[in-house]
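Everything below concerns the one structure shown next.
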Amino acid sequence: IVIKHPLGGAHLSPEFRERFHREATAMAGIHNPGVVKIFSIGSHEGTPYLALERIRGPSLRTWMKAPGRPLPERVRMLEKILEVIAFLHGRGVLHRDLKPENILVREAPSGGEEAPVLIDFGLVRMEQSATITRQGTILGSPVYLCPEQLEGEPVRAAADLWAAGVMLYEAVTGRLPFTGANLEELFTRIRSASLSRPPDVDDGLWPILTRALDRNPPRRWPDAGAFQEALGEWRERAQGDGAGAPGGDGGKRRRALVALAVTATVLLAAGFWW
C-alpha cells in the first residue's frame, strides 16, 4: 500500500481540497488493470489522504530509456496506454495530465507481459461535469499540453490524445517534439513551430505521429481506439520487415534498399547497352 497526501495540511485551499476529492472519487469508480487501485479515502489531522495499490515497476520514462529496447516494443507499450485511455474516455473520464512520470510499468507476471498503470489522477475531470478551475487557467505538465489547453479552452478527449502523441514522439525519437528555454518560448513553439522529423523515423510511423500532434483537434485521431489500432498495424508490419531495430530505422532502411535497387537497375541497363 502507498499513502498519497498533499503537503499543507489544514492550510490547503478549498480548490485544492476539491481537486483532491475529485481525484479520489474518480479513481474509486474506475476498475481497470491499467489504473491504480484505491483502497480507502480518509483524513488525518486535517490532511486528506488516499491509500493506493503499490505498483512494482519503473516509471514509463525510466522504462523507455532502457538501452537496446526495440522500437516495436516501445510502440506496443503506447498501444496499451491508449487502450487504458480508451477505457477512461468511454466512461467520460478525461485525464488531462498524461506524461511518463504519471505512468508506471508493472512488472510482468510469470508468462505475461509488462503493462502500464496510470497512477496520478490529480487533474482528472468527468467530461460532462462542471470544472472548478477558472476559464483561461492552464493546468497540466507544460511539455505535454496541447495548443487548446494553452489558450484556456475547454479540454476534450483530444487533449489526452495529443499528450499520448508527445509520448509516442519521445518513444520513437528519444526527445520531445517541442522545447523552449522558458515557458513563453515553449508555448510559442507548441502553438506554431513545425514538427521536426528526424531522418531515421519510419515512413509508415510518421503520419501516425503527425496526426496525433495536429494542432487542429478535429484532425487528430477520432479516439484512442483508432490511434491504438493504427499503431498496432504499423507494429505488425515493422516486425515483419525488420524495422524493429533499437534506432527505429525501418524507414531509412527501406529508402536505402529502394536506392540500391534503382542503382542496380541503372547498372544492368548500362551493361546491356554496352
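Here, A, B, ... name the chains of the C-alpha cells in the order displayed, residue numbers run from 1 inside each chain, and ligands are numbered from 1 in the same displayed order.
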Worksheet item: Hey, what's within 12 Å of Thr210 (chain A) if we count only C-alpha atoms and toss same-chain stuff fewer than 6 positions away? As JSON, numbers by chain, please?
Response: {"A": [161, 162, 164, 165, 166, 168, 169, 177, 194, 195, 196, 197, 201, 203, 204, 216, 219, 220, 221, 227]}
Worksheet item: Please, which residues of region 182-236 of chain A, numbered as in this document, come out helix (DSSP H, G or I) from DSSP, as a VMD selection string?
Response: chain A and resid 183 to 192 206 to 212 217 to 219 224 to 236
Kindly export the residues of the current selection with C-alpha atoms, as a PDB file, in the first residue's frame.
```
ATOM      1  CA  LEU A 183       7.634  28.638 -20.725  1.00  0.00           C
ATOM      2  CA  GLU A 184       6.927  31.507 -23.114  1.00  0.00           C
ATOM      3  CA  GLU A 185       9.235  30.054 -25.756  1.00  0.00           C
ATOM      4  CA  LEU A 186       7.894  26.527 -25.177  1.00  0.00           C
ATOM      5  CA  PHE A 187       4.273  27.644 -25.521  1.00  0.00           C
ATOM      6  CA  THR A 188       5.072  29.608 -28.684  1.00  0.00           C
ATOM      7  CA  ARG A 189       6.597  26.526 -30.267  1.00  0.00           C
ATOM      8  CA  ILE A 190       3.691  24.291 -29.252  1.00  0.00           C
ATOM      9  CA  ARG A 191       1.334  26.807 -30.859  1.00  0.00           C
ATOM     10  CA  SER A 192       3.210  27.396 -34.110  1.00  0.00           C
ATOM     11  CA  TRP A 206       5.469   9.431 -39.244  1.00  0.00           C
ATOM     12  CA  PRO A 207       1.871  10.040 -40.468  1.00  0.00           C
ATOM     13  CA  ILE A 208       0.574   8.426 -37.276  1.00  0.00           C
ATOM     14  CA  LEU A 209       2.670  10.835 -35.219  1.00  0.00           C
ATOM     15  CA  THR A 210       1.756  13.942 -37.201  1.00  0.00           C
ATOM     16  CA  ARG A 211      -1.945  13.158 -36.956  1.00  0.00           C
ATOM     17  CA  ALA A 212      -1.695  12.771 -33.184  1.00  0.00           C
ATOM     18  CA  PRO A 217      -8.269  18.883 -32.593  1.00  0.00           C
ATOM     19  CA  PRO A 218     -10.822  17.562 -35.150  1.00  0.00           C
ATOM     20  CA  ARG A 219      -7.934  16.467 -37.392  1.00  0.00           C
ATOM     21  CA  ALA A 224      -7.862   6.492 -28.563  1.00  0.00           C
ATOM     22  CA  GLY A 225      -9.030   3.215 -30.107  1.00  0.00           C
ATOM     23  CA  ALA A 226      -8.332   4.400 -33.656  1.00  0.00           C
ATOM     24  CA  PHE A 227      -4.913   5.688 -32.575  1.00  0.00           C
ATOM     25  CA  GLN A 228      -4.154   2.348 -30.915  1.00  0.00           C
ATOM     26  CA  GLU A 229      -5.272   0.387 -33.966  1.00  0.00           C
ATOM     27  CA  ALA A 230      -3.038   2.429 -36.295  1.00  0.00           C
ATOM     28  CA  LEU A 231      -0.025   1.800 -34.066  1.00  0.00           C
ATOM     29  CA  GLY A 232      -0.818  -1.911 -33.904  1.00  0.00           C
ATOM     30  CA  GLU A 233      -0.986  -2.191 -37.686  1.00  0.00           C
ATOM     31  CA  TRP A 234       2.331  -0.360 -38.052  1.00  0.00           C
ATOM     32  CA  ARG A 235       3.995  -2.556 -35.401  1.00  0.00           C
ATOM     33  CA  GLU A 236       2.877  -5.773 -37.073  1.00  0.00           C
TER      34      GLU A 236
END
```
Worksheet item: Among region 17-198 of chain A, which ones does DSSP place in strand (DSSP E), written as an NGL selection string?
Response: :A and (38-44 or 47-52 or 93-94 or 103-106 or 115-118 or 125-126)
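Distances here use only C-alpha atoms; by that measure, the residue among A:Glu53, A:Glu15, A:Glu114, A:Asp214 closest to Ala28 (chain A) is A:Glu53.
Among A:Thr47, A:Thr25, A:Asn32, A:Gln149, the residue with the shortest atom-to-atom distance to Pro116 (chain A), counting only C-alpha atoms, is A:Asn32.
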Worksheet entry | Counting only C-alpha atoms, the residue of A:Ser59, A:Thr179, A:Ser43, A:Thr173 that sits nearest Ala115 (chain A) | A:Ser59
